[in-house]
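Chemist: Take this structure, written in structure tokens, and hold onto it; I'll ask about it next.
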Amino acid sequence: MAKGEGAESGSAAGLLPTGILQAGERPAQAKKEPKKKQQLTICNKLCYAVGGAPYQVTGCALGFFLQIYLLDVAQVDPFPASIILFVGRAWDAFTDPLVGFCISKSSWTRLGRLMPWIIFSTPLAIIAYFLIWFVPDFPQVQPLWYLLFYCLFETLVTCFHVPYSALTMFISTEQSERDSATAYRMTVEVLGTVLGTAIQGQIVGQADTPCLQGPNSSAVALGSANHTHSTTSLKDTQNAYLLAAGVIASIYVICAVILVLGVREQREPYETQQAEQMSFFRGLRLVMSHGPYIKLIAGFLFTSLAFMLVEGNFALFCTYTLGFRNEFQNLLLAIMLSATFTIPIWQWFLTRFGKKTAVYIGISSAVPFLILVALMERNLIITYVVAVAAGISVAAAFLLPWSMLPDVIDDFHLKQPHSHGTEPIFFSFYVFFTKFASGISLGISTLSLDFAGYRTRSCSQPARVRFTLKMLVTMAPIVLILLGLLLFKLYPIDEEKRRQNKKALQALRDEASSSGCSDTDSTELASIL
């Protein structure tokens with residue numbers, strides 16, 4: 001009997017591959033082997049980071065220049081312009097969860113689940129972006145033209161940016177690697193804003209945008225000589241906007257190509273074992289009931305709204321309140337260059353002292369400079385100093401939300417370990433709330449200028465308009481920043497909690513990988529036998 005059993009064992013051993021037999025003979029040793037951590041190369045991180053530039057370059061150009069373009073170049077009246085800005089941003093906000101829903105229903109392909117969205121949206125987005133800066137020859141259709149292509153572009157750029165934002169969770173399973181890649185991304189995104197500001201501002205700044213002198217200047221402008229000069233100068237300005245749009249569209253394409261070629265999506269080990277994907281609405285319900293997420297987006301909702309108010313009205317504020325018509329593009333450049341150089345400092349700071357501390361110090365540092373802008377008289381040197389100092393706070397506002405969202409998602413995965421595919425929902429609804437609020441702010445601010453008596457293409461504005469612009473750029477953002485910082489007191493994920501979550505997630509991944517290897521070996525063994 002014993003001999004027969006030995007012969008049977010030997011016969012089975014001859015049929016089995018050596019690797020399977022060894023795995024069965026030494027299961028304990030296989031489990032003890034340390035799992036190799038996934039390290040991203042600098043090239044991977046740079047290629048990932050470059051993908052954030054298209055959204056920031058185009059968003060910066062639209063955020064800083066679209067309002068003044070509609071009012072003074074396309075010569076749209078303030079009320080229709082406010083409708084375009086509000087509806088465009090509101091539609092942009094609505095498309096984020098819509099695209100997030102569609103992505104959550106997407107299957108994994110050879111390119112991944114997110115990359116196909118980035119690839120196919122890019123060519124259509126650059127066409128729509130270019131047409132935003134084109135002035136049609138029929139003035140009566142201009143509001144509809146700008147509304148249509150503004151909404152179309154925002155839809156297409158959302159199809160790029162939502163999957164790109166969710167890609168943070170799929171470039172590595174290591175929290176430290178994701179944080180490092182996020183710092184690279186934020187640096188490149190701020191460089192993107194610098195690039196957008198420099199291209200749009202410097203190209204447009206070279207054109208002589210005509211303006212009308214005095215309250216009776218409309219009649220003067222109808223004179224043949226002045227009218228011809230005004231028309232020629234306006235046409236030059238319109239062509240300058242088109243040239244800037246073409247350059248920015250080219251950058252969009254180049255960055256998208258680098259992202260697609262240099263980054264590969266990775267699936268979580270425990271996600272691949274899931275037989276059935278969670279429905280979007282169940283995932284949405286779970287996400288919206290996750291306390292840390294609600295507290296995080298509530299805080300950043302107010303702080304982001306503050307910086308968006310400054311962004312949307314800064315060009316008009318510099319032109320009419322401070323009187324620096326030919327300097328506002330250089331002031332914008334100073335802000336963005338300062339932000340670019342301080343991103344690495346903030347990354348070191350949040351690593352050394354924690355992300356909540358970085359939020360309090362980084363975002364609140366803008367308040368003294370906004371107060372100084374509100375109180376000071378016209379002084380170009382002081383304005384440049386304030387611009388450089390404000391860039392430090394802008395850097396923190398850029399870096400921190402995208403650095404803290406992955407922590408919230410990790411916390412969610414620990415509490416809902418079988419709920420996967422929710423990453424696009426987290427990112428898309430965060431962007432939804434901030435964009436919708438910014439749409440309301442831009443619409444209300446442009447309407448406020450209309451009520452204050454804004455005069456299109458005028459070289460100067462009434463005192464009420466100048467005062468309204470000062471309030472929109474200084475006092476309103478200060479109030480919003482203070483409200484946001486108060487809400488951050490309720491945010492529960494500090495550094496100790498992050499460390500606990502990291503250990504628990506690593507244990508979950510190790511367990512899933514070990515279970516996956518065991519299941520695979522058992523299946524292969526059964527099929528061979």
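For the structure tokens, the naming scheme is as follows: chains receive sequential letters (A, B, ...) according to their order of presentation, residues are indexed from 1 within each chain, and ligands are indexed from 1 in presentation order.
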Find the residues of range 52-128 of chain A that sit at most 8 Å from range 250-257 of chain A; for each, write down the nearest two atoms and how far apart they are in Å, to one decimal. Count only C-alpha atoms. Sort by chain, then by number going up, and give it as a Markdown table.

Modeler:
| residue | atom | partner | partner_atom | distance |
| --- | --- | --- | --- | --- |
| A:Ala53 | CA | A:Cys255 | CA | 6.9 |
| A:Pro54 | CA | A:Tyr252 | CA | 4.7 |
| A:Val57 | CA | A:Tyr252 | CA | 8.0 |
| A:Ile118 | CA | A:Ala256 | CA | 7.4 |
| A:Ile119 | CA | A:Ala256 | CA | 7.4 |
| A:Thr122 | CA | A:Val253 | CA | 6.8 |
| A:Pro123 | CA | A:Val253 | CA | 7.6 |
| A:Ile126 | CA | A:Tyr252 | CA | 7.4 |

Chemist: Let me see the file: selected residues, C-alpha atoms, as a short mmCIF file (atom, residue, chain, number, x, y, z; two decimals), in the first residue's frame.

Modeler:
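Now in result01.cif:
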data_model
loop_
_atom_site.label_atom_id
_atom_site.label_comp_id
_atom_site.auth_asym_id
_atom_site.auth_seq_id
_atom_site.Cartn_x
_atom_site.Cartn_y
_atom_site.Cartn_z
CA ALA A 53 -0.54 71.20 -18.33
CA PRO A 54 -3.32 71.28 -21.01
CA VAL A 57 -2.87 76.36 -19.81
CA ILE A 118 -7.84 61.32 -22.97
CA ILE A 119 -6.89 60.20 -26.47
CA THR A 122 -7.99 65.83 -27.40
CA PRO A 123 -8.46 66.66 -31.14
CA ILE A 126 -8.47 71.98 -29.45
#

Chemist: Could you give me, as a PyMOL selection string, the residues within 8 Å of range 306-316 of chain A, counting only C-alpha atoms and dropping anything in the same chain fewer than 5 positions from it?

Modeler: chain A and resi 63-65+67-68+321+328-329+394+438+441-442+445+469+472-474+476-478+480-481

Chemist: Enter the distance from CA of Lys235 in chain A to CA of Ile127 in chain A, in Å, rounded to one decimal.

Modeler: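 Between CA of Lys235 in chain A and CA of Ile127 in chain A the gap works out to 21.2 Å.
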
Chemist: Using only C-alpha atoms, can you tell me which of A:Val367, A:Val373, A:Ile493, A:Leu85 comes closest to Leu62 in chain A?

Modeler: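 Of the candidates, the smallest distance to Leu62 in chain A is held by A:Leu85.
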
Chemist: Leaving out Ala166 in chain A and any residue of its chain fewer than 4 positions from it, which residues lie within 9 Å of it when counting only C-alpha atoms, given as an MDAnalysis selection string?

Modeler: chainID A and resid 114 161:162 170 423:428

Chemist: Suppose we keep N, CA and C atoms; can you now write the selection as a tab-separated table (two decimals), in the first residue's frame?

Modeler:
chain	number	residue	atom	x	y	z
A	114	LEU	N	-8.83	54.66	-18.44
A	114	LEU	CA	-8.87	56.12	-18.47
A	114	LEU	C	-8.24	56.71	-19.73
A	161	HIS	N	-9.69	65.83	-18.34
A	161	HIS	CA	-9.16	66.12	-17.01
A	161	HIS	C	-9.67	65.17	-15.93
A	162	VAL	N	-10.94	64.75	-16.01
A	162	VAL	CA	-11.45	63.84	-14.98
A	162	VAL	C	-10.70	62.51	-14.99
A	170	PHE	N	-3.94	55.27	-10.05
A	170	PHE	CA	-3.62	54.09	-10.85
A	170	PHE	C	-2.19	54.10	-11.38
A	423	GLU	N	-13.07	55.97	-7.84
A	423	GLU	CA	-12.10	57.07	-7.90
A	423	GLU	C	-12.57	58.22	-8.79
A	424	PRO	N	-13.11	57.95	-10.02
A	424	PRO	CA	-13.59	59.07	-10.84
A	424	PRO	C	-14.71	59.87	-10.16
A	425	ILE	N	-15.52	59.20	-9.32
A	425	ILE	CA	-16.60	59.92	-8.63
A	425	ILE	C	-16.00	60.91	-7.64
A	426	PHE	N	-14.99	60.48	-6.88
A	426	PHE	CA	-14.34	61.38	-5.93
A	426	PHE	C	-13.80	62.62	-6.62
A	427	PHE	N	-13.06	62.42	-7.68
A	427	PHE	CA	-12.41	63.55	-8.34
A	427	PHE	C	-13.42	64.41	-9.10
A	428	SER	N	-14.37	63.78	-9.79
A	428	SER	CA	-15.29	64.55	-10.61
A	428	SER	C	-16.23	65.40	-9.77

Chemist: In terms of the shortest atom-to-atom distance over only C-alpha atoms, which of A:Asn239, A:Ser460, A:Thr422, A:Gln39 is closest to Leu322 in chain A?

Modeler: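 Under the stated criterion, the closest residue is A:Ser460.
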
Chemist: Please, which residues in range 420-495 of chain A fall within 7 Å of range 276-299 of chain A when counting only C-alpha atoms, and what is the closest atom pair and distance in Å to one decimal for each, ordered by chain then residue number, as JSON lines?

Modeler:
{"residue": "A:His420", "atom": "CA", "partner": "A:Met278", "partner_atom": "CA", "distance": 6.9}
{"residue": "A:Thr422", "atom": "CA", "partner": "A:Gly283", "partner_atom": "CA", "distance": 6.0}
{"residue": "A:Ile425", "atom": "CA", "partner": "A:Leu284", "partner_atom": "CA", "distance": 6.7}
{"residue": "A:Phe426", "atom": "CA", "partner": "A:Val287", "partner_atom": "CA", "distance": 6.9}
{"residue": "A:Tyr430", "atom": "CA", "partner": "A:Ile297", "partner_atom": "CA", "distance": 6.0}
{"residue": "A:Gly484", "atom": "CA", "partner": "A:Gly299", "partner_atom": "CA", "distance": 4.3}
{"residue": "A:Leu485", "atom": "CA", "partner": "A:Gly299", "partner_atom": "CA", "distance": 6.5}
{"residue": "A:Leu487", "atom": "CA", "partner": "A:Gly299", "partner_atom": "CA", "distance": 5.1}
{"residue": "A:Phe488", "atom": "CA", "partner": "A:Gly299", "partner_atom": "CA", "distance": 5.4}
{"residue": "A:Leu490", "atom": "CA", "partner": "A:Lys295", "partner_atom": "CA", "distance": 6.6}
{"residue": "A:Tyr491", "atom": "CA", "partner": "A:Lys295", "partner_atom": "CA", "distance": 5.6}
{"residue": "A:Pro492", "atom": "CA", "partner": "A:Pro292", "partner_atom": "CA", "distance": 6.3}

Chemist: Contacts of range 353-365 of chain A at 9 Å or less, counting only C-alpha atoms, minus same-chain residues fewer than 3 places along, as a list in words?

Modeler: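 In the requested format, the answer is Thr303, Trp346, Trp348, Phe349, Leu350, Pro368, Phe369, Ala389, Ala390, Ile392, Ser393, Val394, Ala395, Ala396, Ala397, Leu400, Ser403, Met404, Ile478, Ile481, Leu482, Leu485, Phe488, Lys489, Tyr491, Ile493, Asp494 and Glu495 of chain A.
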
Chemist: So which one's closest to Pro401 in chain A, A:Ser304, A:Thr456, A:Lys470, A:Val479? Using only C-alpha atoms, please.

Modeler: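 The answer is A:Ser304, which sits nearest to Pro401 in chain A.
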
Chemist: Counting only C-alpha atoms, which residue out of A:Gly88, A:Ser106, A:Pro80, A:Tyr320 sits closest to Cys459 in chain A?

Modeler: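 For Cys459 in chain A, the nearest of the given residues is A:Tyr320.
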
Chemist: Could you list, as a PDB file with N, CA and C atoms, in the first residue's frame, every residue within 10 Å of Glu154 in chain A, counting only C-alpha atoms and ignoring same-chain residues fewer than 5 positions away?

Modeler:
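Once written, result01.pdb looks like this:
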ATOM      1  N   TYR A  55      -4.937  71.289 -19.218  1.00  0.00           N
ATOM      2  CA  TYR A  55      -6.074  71.846 -18.462  1.00  0.00           C
ATOM      3  C   TYR A  55      -5.726  73.197 -17.854  1.00  0.00           C
ATOM      4  N   GLY A  59      -7.235  76.626 -19.058  1.00  0.00           N
ATOM      5  CA  GLY A  59      -8.043  77.187 -17.971  1.00  0.00           C
ATOM      6  C   GLY A  59      -7.546  78.539 -17.520  1.00  0.00           C
ATOM      7  N   GLY A  88     -21.607  78.663 -18.909  1.00  0.00           N
ATOM      8  CA  GLY A  88     -20.447  77.868 -19.307  1.00  0.00           C
ATOM      9  C   GLY A  88     -19.821  77.147 -18.129  1.00  0.00           C
ATOM     10  N   ARG A  89     -19.641  77.860 -17.018  1.00  0.00           N
ATOM     11  CA  ARG A  89     -19.045  77.225 -15.839  1.00  0.00           C
ATOM     12  C   ARG A  89     -20.012  76.223 -15.202  1.00  0.00           C
ATOM     13  N   ALA A  90     -21.306  76.565 -15.175  1.00  0.00           N
ATOM     14  CA  ALA A  90     -22.289  75.641 -14.594  1.00  0.00           C
ATOM     15  C   ALA A  90     -22.358  74.359 -15.419  1.00  0.00           C
ATOM     16  N   TRP A  91     -22.348  74.500 -16.745  1.00  0.00           N
ATOM     17  CA  TRP A  91     -22.344  73.314 -17.604  1.00  0.00           C
ATOM     18  C   TRP A  91     -21.066  72.511 -17.410  1.00  0.00           C
ATOM     19  N   ASP A  92     -19.959  73.211 -17.282  1.00  0.00           N
ATOM     20  CA  ASP A  92     -18.680  72.554 -17.029  1.00  0.00           C
ATOM     21  C   ASP A  92     -18.748  71.752 -15.737  1.00  0.00           C
ATOM     22  N   ALA A  93     -19.381  72.337 -14.712  1.00  0.00           N
ATOM     23  CA  ALA A  93     -19.532  71.628 -13.442  1.00  0.00           C
ATOM     24  C   ALA A  93     -20.406  70.391 -13.603  1.00  0.00           C
ATOM     25  N   THR A  95     -20.850  68.563 -16.253  1.00  0.00           N
ATOM     26  CA  THR A  95     -20.220  67.503 -17.045  1.00  0.00           C
ATOM     27  C   THR A  95     -19.238  66.664 -16.238  1.00  0.00           C
ATOM     28  N   ASP A  96     -18.722  67.191 -15.132  1.00  0.00           N
ATOM     29  CA  ASP A  96     -17.748  66.420 -14.349  1.00  0.00           C
ATOM     30  C   ASP A  96     -18.348  65.139 -13.782  1.00  0.00           C
ATOM     31  N   ALA A 125     -11.250  68.856 -28.617  1.00  0.00           N
ATOM     32  CA  ALA A 125     -11.121  69.942 -27.638  1.00  0.00           C
ATOM     33  C   ALA A 125     -10.338  71.122 -28.209  1.00  0.00           C
ATOM     34  N   ALA A 128     -12.573  73.196 -30.584  1.00  0.00           N
ATOM     35  CA  ALA A 128     -13.538  74.010 -29.853  1.00  0.00           C
ATOM     36  C   ALA A 128     -12.847  75.185 -29.147  1.00  0.00           C
ATOM     37  N   TYR A 129     -11.645  74.942 -28.602  1.00  0.00           N
ATOM     38  CA  TYR A 129     -10.930  76.018 -27.912  1.00  0.00           C
ATOM     39  C   TYR A 129     -10.581  77.150 -28.881  1.00  0.00           C
ATOM     40  N   PHE A 149     -19.620  77.186 -28.045  1.00  0.00           N
ATOM     41  CA  PHE A 149     -18.271  76.630 -28.094  1.00  0.00           C
ATOM     42  C   PHE A 149     -17.595  76.625 -26.725  1.00  0.00           C
ATOM     43  N   CYS A 159     -13.592  65.591 -20.344  1.00  0.00           N
ATOM     44  CA  CYS A 159     -13.296  64.217 -20.757  1.00  0.00           C
ATOM     45  C   CYS A 159     -11.795  63.925 -20.712  1.00  0.00           C
ATOM     46  N   PHE A 160     -10.992  64.961 -20.701  1.00  0.00           N
ATOM     47  CA  PHE A 160      -9.541  64.818 -20.540  1.00  0.00           C
ATOM     48  C   PHE A 160      -9.157  64.854 -19.061  1.00  0.00           C
TER      49      PHE A 160
END
